[in-house]
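Asks: Data: input.pdb, PDB, C-alpha atoms, pLDDT in the B column.
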ATOM      1  CA  MET A   1     146.236   8.313 -32.003  1.00 47.00           C
ATOM      2  CA  LEU A   2     146.892   4.672 -32.853  1.00 48.00           C
ATOM      3  CA  THR A   3     150.058   3.958 -34.786  1.00 60.00           C
ATOM      4  CA  TRP A   4     150.041   1.395 -37.546  1.00 59.00           C
ATOM      5  CA  ILE A   5     151.906  -1.013 -35.229  1.00 59.00           C
ATOM      6  CA  ASN A   6     149.221  -0.637 -32.595  1.00 57.00           C
ATOM      7  CA  LEU A   7     146.561  -1.197 -35.230  1.00 49.00           C
ATOM      8  CA  VAL A   8     148.262  -4.391 -36.359  1.00 49.00           C
ATOM      9  CA  LEU A   9     148.528  -5.613 -32.756  1.00 52.00           C
ATOM     10  CA  LEU A  10     144.893  -4.754 -32.161  1.00 47.00           C
ATOM     11  CA  PHE A  11     143.865  -6.654 -35.296  1.00 45.00           C
ATOM     12  CA  PHE A  12     145.734  -9.768 -34.245  1.00 44.00           C
ATOM     13  CA  ALA A  13     144.340  -9.550 -30.707  1.00 44.00           C
ATOM     14  CA  MET A  14     140.787  -9.342 -32.044  1.00 43.00           C
ATOM     15  CA  THR A  15     141.241 -12.251 -34.454  1.00 42.00           C
ATOM     16  CA  MET A  16     142.730 -14.435 -31.706  1.00 54.00           C
ATOM     17  CA  ILE A  17     139.627 -14.149 -29.521  1.00 73.00           C
ATOM     18  CA  GLU A  18     137.832 -17.461 -29.830  1.00 80.00           C
ATOM     19  CA  PRO A  19     134.075 -17.403 -30.394  1.00 92.00           C
ATOM     20  CA  PRO A  20     131.940 -18.921 -27.628  1.00 97.00           C
ATOM     21  CA  LYS A  21     131.493 -22.672 -27.784  1.00 98.00           C
ATOM     22  CA  LYS A  22     128.212 -24.435 -28.507  1.00 98.00           C
ATOM     23  CA  TYR A  23     126.287 -26.410 -25.891  1.00 98.00           C
ATOM     24  CA  LEU A  24     123.385 -28.805 -26.509  1.00 98.00           C
ATOM     25  CA  ALA A  25     121.240 -29.928 -23.545  1.00 99.00           C
ATOM     26  CA  LEU A  26     119.070 -33.013 -24.092  1.00 99.00           C
ATOM     27  CA  GLY A  27     116.376 -34.145 -21.696  1.00 98.00           C
ATOM     28  CA  ASP A  28     112.903 -33.679 -20.251  1.00 98.00           C
ATOM     29  CA  SER A  29     111.203 -31.446 -17.656  1.00 98.00           C
ATOM     30  CA  TYR A  30     114.367 -31.244 -15.561  1.00 98.00           C
ATOM     31  CA  THR A  31     116.410 -29.868 -18.456  1.00 98.00           C
ATOM     32  CA  ILE A  32     113.763 -27.437 -19.703  1.00 98.00           C
ATOM     33  CA  GLY A  33     113.271 -26.292 -16.110  1.00 98.00           C
ATOM     34  CA  GLU A  34     109.578 -26.888 -15.503  1.00 98.00           C
ATOM     35  CA  SER A  35     108.206 -24.347 -12.993  1.00 98.00           C
ATOM     36  CA  VAL A  36     111.357 -22.211 -12.803  1.00 98.00           C
ATOM     37  CA  ALA A  37     112.422 -19.062 -14.642  1.00 98.00           C
ATOM     38  CA  GLU A  38     114.492 -19.538 -17.797  1.00 98.00           C
ATOM     39  CA  ALA A  39     117.565 -18.109 -16.084  1.00 98.00           C
ATOM     40  CA  ASP A  40     117.245 -20.743 -13.337  1.00 98.00           C
ATOM     41  CA  ARG A  41     117.309 -23.760 -15.662  1.00 98.00           C
ATOM     42  CA  TRP A  42     120.372 -25.777 -14.757  1.00 98.00           C
ATOM     43  CA  PRO A  43     121.906 -25.715 -18.278  1.00 98.00           C
ATOM     44  CA  ASN A  44     121.677 -21.907 -18.255  1.00 98.00           C
ATOM     45  CA  GLN A  45     123.181 -21.774 -14.782  1.00 98.00           C
ATOM     46  CA  LEU A  46     125.952 -24.086 -15.988  1.00 98.00           C
ATOM     47  CA  VAL A  47     126.893 -21.723 -18.807  1.00 98.00           C
ATOM     48  CA  ARG A  48     127.252 -18.886 -16.308  1.00 98.00           C
ATOM     49  CA  ALA A  49     129.299 -21.077 -13.963  1.00 98.00           C
ATOM     50  CA  LEU A  50     131.634 -22.101 -16.789  1.00 98.00           C
ATOM     51  CA  GLU A  51     132.031 -18.472 -17.810  1.00 97.00           C
ATOM     52  CA  ALA A  52     133.153 -17.696 -14.270  1.00 96.00           C
ATOM     53  CA  LYS A  53     135.890 -20.286 -14.852  1.00 95.00           C
ATOM     54  CA  GLY A  54     136.958 -18.560 -18.063  1.00 95.00           C
ATOM     55  CA  LYS A  55     135.147 -20.956 -20.423  1.00 96.00           C
ATOM     56  CA  ARG A  56     132.840 -19.181 -22.838  1.00 97.00           C
ATOM     57  CA  TYR A  57     129.730 -20.958 -24.137  1.00 98.00           C
ATOM     58  CA  GLU A  58     126.691 -19.714 -25.959  1.00 98.00           C
ATOM     59  CA  MET A  59     123.448 -20.088 -24.054  1.00 97.00           C
ATOM     60  CA  PRO A  60     122.439 -23.721 -24.530  1.00 98.00           C
ATOM     61  CA  LYS A  61     120.283 -25.095 -27.283  1.00 98.00           C
ATOM     62  CA  ILE A  62     117.762 -27.147 -25.324  1.00 98.00           C
ATOM     63  CA  ILE A  63     115.939 -30.127 -26.779  1.00 98.00           C
ATOM     64  CA  ALA A  64     113.654 -31.084 -23.905  1.00 98.00           C
ATOM     65  CA  THR A  65     109.976 -31.084 -22.988  1.00 98.00           C
ATOM     66  CA  THR A  66     108.075 -31.994 -19.844  1.00 98.00           C
ATOM     67  CA  GLY A  67     106.812 -35.574 -20.033  1.00 98.00           C
ATOM     68  CA  TRP A  68     109.311 -36.870 -22.565  1.00 98.00           C
ATOM     69  CA  ARG A  69     110.588 -40.433 -22.379  1.00 98.00           C
ATOM     70  CA  THR A  70     113.703 -41.662 -24.142  1.00 98.00           C
ATOM     71  CA  ASP A  71     111.731 -42.476 -27.307  1.00 98.00           C
ATOM     72  CA  ASN A  72     110.148 -39.001 -27.349  1.00 98.00           C
ATOM     73  CA  LEU A  73     113.562 -37.365 -27.090  1.00 98.00           C
ATOM     74  CA  ARG A  74     114.922 -39.526 -29.894  1.00 98.00           C
ATOM     75  CA  ALA A  75     112.025 -38.551 -32.178  1.00 98.00           C
ATOM     76  CA  ALA A  76     112.496 -34.868 -31.357  1.00 98.00           C
ATOM     77  CA  MET A  77     116.202 -35.077 -32.165  1.00 98.00           C
ATOM     78  CA  ASP A  78     115.363 -36.623 -35.532  1.00 97.00           C
ATOM     79  CA  GLY A  79     112.963 -33.788 -36.261  1.00 97.00           C
ATOM     80  CA  ALA A  80     115.426 -31.108 -35.178  1.00 97.00           C
ATOM     81  CA  GLN A  81     117.984 -32.237 -37.785  1.00 93.00           C
ATOM     82  CA  LEU A  82     120.884 -31.362 -35.493  1.00 97.00           C
ATOM     83  CA  SER A  83     124.407 -30.927 -36.843  1.00 97.00           C
ATOM     84  CA  PRO A  84     127.506 -32.459 -35.184  1.00 98.00           C
ATOM     85  CA  GLU A  85     128.812 -29.038 -34.175  1.00 97.00           C
ATOM     86  CA  TYR A  86     128.558 -29.011 -30.385  1.00 98.00           C
ATOM     87  CA  ASP A  87     131.473 -28.582 -28.003  1.00 98.00           C
ATOM     88  CA  LEU A  88     129.397 -29.798 -25.075  1.00 98.00           C
ATOM     89  CA  VAL A  89     126.376 -32.104 -24.916  1.00 98.00           C
ATOM     90  CA  SER A  90     124.488 -33.106 -21.773  1.00 99.00           C
ATOM     91  CA  LEU A  91     121.961 -35.918 -21.401  1.00 99.00           C
ATOM     92  CA  LEU A  92     119.432 -36.326 -18.582  1.00 99.00           C
ATOM     93  CA  ILE A  93     116.488 -38.576 -19.414  1.00 99.00           C
ATOM     94  CA  GLY A  94     114.476 -41.421 -17.914  1.00 98.00           C
ATOM     95  CA  VAL A  95     112.164 -40.209 -15.168  1.00 98.00           C
ATOM     96  CA  ASN A  96     109.121 -40.411 -17.456  1.00 98.00           C
ATOM     97  CA  ASN A  97     110.059 -43.931 -18.550  1.00 98.00           C
ATOM     98  CA  GLN A  98     109.767 -44.826 -14.882  1.00 98.00           C
ATOM     99  CA  TYR A  99     106.688 -42.704 -14.150  1.00 98.00           C
ATOM    100  CA  GLN A 100     104.796 -44.030 -17.168  1.00 98.00           C
ATOM    101  CA  GLY A 101     105.551 -47.651 -16.317  1.00 98.00           C
ATOM    102  CA  LYS A 102     108.017 -48.393 -19.124  1.00 98.00           C
ATOM    103  CA  SER A 103     110.506 -51.196 -18.562  1.00 98.00           C
ATOM    104  CA  VAL A 104     114.110 -50.795 -17.521  1.00 98.00           C
ATOM    105  CA  GLN A 105     115.039 -53.169 -20.352  1.00 98.00           C
ATOM    106  CA  ALA A 106     113.514 -50.921 -23.012  1.00 98.00           C
ATOM    107  CA  TYR A 107     115.171 -47.912 -21.373  1.00 98.00           C
ATOM    108  CA  GLU A 108     118.564 -49.591 -21.570  1.00 98.00           C
ATOM    109  CA  GLY A 109     118.480 -49.876 -25.366  1.00 98.00           C
ATOM    110  CA  GLU A 110     117.003 -46.443 -25.944  1.00 98.00           C
ATOM    111  CA  PHE A 111     119.406 -44.722 -23.547  1.00 98.00           C
ATOM    112  CA  THR A 112     122.361 -46.416 -25.248  1.00 98.00           C
ATOM    113  CA  ASP A 113     121.188 -45.092 -28.597  1.00 98.00           C
ATOM    114  CA  LEU A 114     120.730 -41.566 -27.216  1.00 98.00           C
ATOM    115  CA  LEU A 115     124.198 -41.581 -25.706  1.00 98.00           C
ATOM    116  CA  GLN A 116     125.719 -42.670 -29.018  1.00 98.00           C
ATOM    117  CA  ARG A 117     123.821 -39.873 -30.770  1.00 98.00           C
ATOM    118  CA  ALA A 118     125.073 -37.388 -28.187  1.00 98.00           C
ATOM    119  CA  VAL A 119     128.679 -38.349 -28.935  1.00 98.00           C
ATOM    120  CA  LYS A 120     128.127 -37.887 -32.679  1.00 98.00           C
ATOM    121  CA  LEU A 121     126.636 -34.446 -32.087  1.00 98.00           C
ATOM    122  CA  ALA A 122     129.573 -33.551 -29.839  1.00 98.00           C
ATOM    123  CA  ARG A 123     131.965 -33.613 -32.813  1.00 98.00           C
ATOM    124  CA  ARG A 124     132.355 -37.366 -32.149  1.00 98.00           C
ATOM    125  CA  LYS A 125     134.343 -36.608 -28.994  1.00 98.00           C
ATOM    126  CA  LYS A 126     133.361 -38.509 -25.853  1.00 98.00           C
ATOM    127  CA  GLU A 127     135.081 -35.901 -23.726  1.00 98.00           C
ATOM    128  CA  ASN A 128     132.507 -33.341 -24.905  1.00 98.00           C
ATOM    129  CA  VAL A 129     129.615 -35.317 -23.397  1.00 98.00           C
ATOM    130  CA  PHE A 130     128.328 -35.783 -19.862  1.00 98.00           C
ATOM    131  CA  VAL A 131     125.321 -37.561 -18.350  1.00 98.00           C
ATOM    132  CA  VAL A 132     123.358 -36.415 -15.313  1.00 99.00           C
ATOM    133  CA  SER A 133     121.602 -38.967 -13.121  1.00 99.00           C
ATOM    134  CA  ILE A 134     117.805 -38.994 -12.753  1.00 99.00           C
ATOM    135  CA  PRO A 135     116.620 -37.102  -9.664  1.00 98.00           C
ATOM    136  CA  ASP A 136     114.290 -38.773  -7.166  1.00 98.00           C
ATOM    137  CA  TYR A 137     110.860 -37.122  -7.105  1.00 98.00           C
ATOM    138  CA  GLY A 138     109.878 -39.388  -4.206  1.00 98.00           C
ATOM    139  CA  PHE A 139     111.400 -36.723  -2.000  1.00 98.00           C
ATOM    140  CA  THR A 140     108.874 -34.072  -3.028  1.00 98.00           C
ATOM    141  CA  PRO A 141     105.399 -33.343  -1.649  1.00 98.00           C
ATOM    142  CA  PHE A 142     103.998 -34.847  -4.886  1.00 98.00           C
ATOM    143  CA  GLY A 143     105.796 -38.179  -4.519  1.00 98.00           C
ATOM    144  CA  GLU A 144     106.185 -38.446  -0.752  1.00 98.00           C
ATOM    145  CA  LYS A 145     103.391 -41.003  -0.223  1.00 98.00           C
ATOM    146  CA  LYS A 146     105.077 -43.439  -2.637  1.00 98.00           C
ATOM    147  CA  GLN A 147     108.639 -42.506  -1.759  1.00 98.00           C
ATOM    148  CA  ALA A 148     109.974 -46.017  -1.138  1.00 98.00           C
ATOM    149  CA  GLU A 149     108.511 -47.371  -4.372  1.00 98.00           C
ATOM    150  CA  ILE A 150     109.722 -44.394  -6.431  1.00 98.00           C
ATOM    151  CA  THR A 151     113.200 -44.494  -4.919  1.00 98.00           C
ATOM    152  CA  GLN A 152     113.628 -48.189  -5.690  1.00 98.00           C
ATOM    153  CA  ALA A 153     112.568 -47.630  -9.304  1.00 98.00           C
ATOM    154  CA  ILE A 154     114.753 -44.543  -9.794  1.00 98.00           C
ATOM    155  CA  ASP A 155     117.743 -46.453  -8.421  1.00 98.00           C
ATOM    156  CA  ALA A 156     117.131 -49.201 -10.983  1.00 98.00           C
ATOM    157  CA  PHE A 157     117.020 -46.752 -13.899  1.00 98.00           C
ATOM    158  CA  ASN A 158     120.087 -44.905 -12.646  1.00 99.00           C
ATOM    159  CA  ALA A 159     122.022 -48.150 -12.279  1.00 98.00           C
ATOM    160  CA  VAL A 160     121.419 -48.744 -15.994  1.00 98.00           C
ATOM    161  CA  ASN A 161     122.334 -45.268 -17.242  1.00 98.00           C
ATOM    162  CA  LYS A 162     125.417 -45.126 -15.022  1.00 98.00           C
ATOM    163  CA  ALA A 163     126.711 -48.514 -16.204  1.00 98.00           C
ATOM    164  CA  ILE A 164     126.194 -47.609 -19.863  1.00 98.00           C
ATOM    165  CA  THR A 165     127.812 -44.201 -19.445  1.00 98.00           C
ATOM    166  CA  GLU A 166     130.857 -45.425 -17.565  1.00 98.00           C
ATOM    167  CA  LYS A 167     131.376 -48.350 -19.957  1.00 98.00           C
ATOM    168  CA  ALA A 168     131.459 -45.829 -22.809  1.00 98.00           C
ATOM    169  CA  GLY A 169     134.107 -43.777 -20.981  1.00 98.00           C
ATOM    170  CA  ILE A 170     131.841 -40.743 -20.627  1.00 98.00           C
ATOM    171  CA  ARG A 171     131.525 -38.453 -17.615  1.00 98.00           C
ATOM    172  CA  TYR A 172     128.656 -39.229 -15.240  1.00 98.00           C
ATOM    173  CA  VAL A 173     127.433 -36.771 -12.622  1.00 98.00           C
ATOM    174  CA  ASN A 174     125.288 -38.096  -9.780  1.00 98.00           C
ATOM    175  CA  ILE A 175     122.840 -35.470  -8.471  1.00 98.00           C
ATOM    176  CA  THR A 176     120.247 -37.933  -7.137  1.00 99.00           C
ATOM    177  CA  ASP A 177     121.440 -37.588  -3.551  1.00 98.00           C
ATOM    178  CA  ILE A 178     120.895 -33.815  -3.761  1.00 98.00           C
ATOM    179  CA  SER A 179     117.323 -34.361  -4.950  1.00 98.00           C
ATOM    180  CA  ARG A 180     116.701 -36.532  -1.895  1.00 98.00           C
ATOM    181  CA  GLU A 181     117.003 -33.485   0.338  1.00 98.00           C
ATOM    182  CA  GLY A 182     113.774 -32.055  -1.058  1.00 98.00           C
ATOM    183  CA  LEU A 183     111.581 -32.921   1.914  1.00 98.00           C
ATOM    184  CA  VAL A 184     113.924 -31.489   4.530  1.00 98.00           C
ATOM    185  CA  LYS A 185     114.845 -28.449   2.436  1.00 98.00           C
ATOM    186  CA  PRO A 186     111.599 -27.043   1.018  1.00 98.00           C
ATOM    187  CA  GLU A 187     113.545 -24.355  -0.838  1.00 98.00           C
ATOM    188  CA  TYR A 188     114.856 -27.130  -3.085  1.00 98.00           C
ATOM    189  CA  VAL A 189     111.380 -27.783  -4.547  1.00 98.00           C
ATOM    190  CA  ALA A 190     109.542 -25.556  -7.032  1.00 98.00           C
ATOM    191  CA  ASP A 191     106.082 -24.162  -6.375  1.00 98.00           C
ATOM    192  CA  ASP A 192     104.476 -27.077  -8.234  1.00 98.00           C
ATOM    193  CA  LYS A 193     105.621 -29.372  -5.370  1.00 98.00           C
ATOM    194  CA  LEU A 194     107.259 -31.752  -7.853  1.00 98.00           C
ATOM    195  CA  HIS A 195     110.151 -30.251  -9.793  1.00 98.00           C
ATOM    196  CA  PRO A 196     113.433 -28.810  -8.502  1.00 98.00           C
ATOM    197  CA  SER A 197     113.688 -25.114  -7.745  1.00 98.00           C
ATOM    198  CA  GLY A 198     116.414 -22.857  -9.068  1.00 98.00           C
ATOM    199  CA  VAL A 199     118.135 -23.288  -5.703  1.00 98.00           C
ATOM    200  CA  MET A 200     118.386 -27.046  -6.167  1.00 99.00           C
ATOM    201  CA  TYR A 201     119.537 -26.624  -9.758  1.00 99.00           C
ATOM    202  CA  GLN A 202     122.308 -24.384  -8.464  1.00 98.00           C
ATOM    203  CA  LYS A 203     123.468 -27.229  -6.230  1.00 98.00           C
ATOM    204  CA  TRP A 204     123.482 -29.537  -9.244  1.00 98.00           C
ATOM    205  CA  VAL A 205     125.597 -27.072 -11.196  1.00 98.00           C
ATOM    206  CA  GLU A 206     128.084 -26.733  -8.356  1.00 98.00           C
ATOM    207  CA  ARG A 207     128.679 -30.465  -8.651  1.00 98.00           C
ATOM    208  CA  ILE A 208     128.562 -30.635 -12.466  1.00 98.00           C
ATOM    209  CA  VAL A 209     131.091 -27.842 -12.946  1.00 97.00           C
ATOM    210  CA  LYS A 210     133.663 -29.797 -10.953  1.00 95.00           C
ATOM    211  CA  VAL A 211     134.054 -32.321 -13.778  1.00 92.00           C
ATOM    212  CA  PHE A 212     135.309 -29.635 -16.200  1.00 85.00           C
TER     213      PHE A 212
END
Please lay out the structure from this file as structure tokens.

Replies:
Amino acid sequence: MLTWINLVLLFFAMTMIEPPKKYLALGDSYTIGESVAEADRWPNQLVRALEAKGKRYEMPKIIATTGWRTDNLRAAMDGAQLSPEYDLVSLLIGVNNQYQGKSVQAYEGEFTDLLQRAVKLARRKKENVFVVSIPDYGFTPFGEKKQAEITQAIDAFNAVNKAITEKAGIRYVNITDISREGLVKPEYVADDKLHPSGVMYQKWVERIVKVF
């Protein structure tokens, strides 16, 4: 039988347990996990990896759709009417700007705006935000024939998002080199021959979790 002292101690212990933190993942097909199971999406894998480190987060709220450019993501964020309540916000966007022939110059302004919005949503704390580099789909069966051209373009877009991110004092995680193993490690590519598999996303998460 619990004594009143034990009951009091139990009450205080229960009230001291912090609720899980909130995570918002912003992006495109890579963030929504095109062609992989929901559990294999990298933001979902990240939550599980953080939990293993004793950091509790809710499963992520994902604002991302296959084919989105920076302007599409910005419009979707406006429509979602998001509140500045997130303890963690990730941003990975730009491959469709490149694929659809949009300029690096236009991307620069739109990415800067998205990053500023991410900080506002992250309780206005830069330390709650991180950016992931754009993977290189030239190293997939889909993009192999134009690999050199794709790689040069992806490098240009990543140079822009990295410079903007680091100038703002925000964490930047480069996963592009991992994506460039896709042709020598077929298990890194999903069945659609274009997007990363859950195995590759796991490798991303192993690198991302190191910045926490």

Asks: Report the residues retrieved by the PyMOL selection byres ((chain A and resi 179) around 12) from the displayed file, expressed as a ChimeraX atom specification.

Replies: /A:30,133-140,151,154,174-178,180-190,194-197,199-204

Asks: Of the residues A:Ile170, A:Ala156, A:Ile164, A:Leu114, which is the one nearest to Lys126 of chain A, using all atoms listed in the file?

Replies: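 Closest candidate: A:Ile170.
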
Asks: Specify the axis-aligned box that encloses all atoms of segment 116-122 of chain A listed in the file after padding of 3 Å on each side, stating its centre and edge lengths in Å to one decimal as lines of an AutoDock Vina configuration file.

Replies:
center_x = 126.7
center_y = -38.1
center_z = -30.4
size_x = 11.8
size_y = 15.1
size_z = 10.5

Asks: Between atom CA of Trp68 of chain A and atom CA of Leu115 of chain A, what is the distance in Å, rounded to a tenth?

Replies: 15.9 Å

Asks: If you measure from atom CA of Asn44 of chain A to atom CA of Leu91 of chain A, what distance in Å do you get, rounded to one decimal?

Replies: 14.4 Å

Asks: Can you work out the spacing between atom CA of Ser90 of chain A and atom CA of Lys102 of chain A in Å, to one decimal?

Replies: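 Computing the Euclidean distance for atom CA of Ser90 of chain A and atom CA of Lys102 of chain A yields 22.6 Å.
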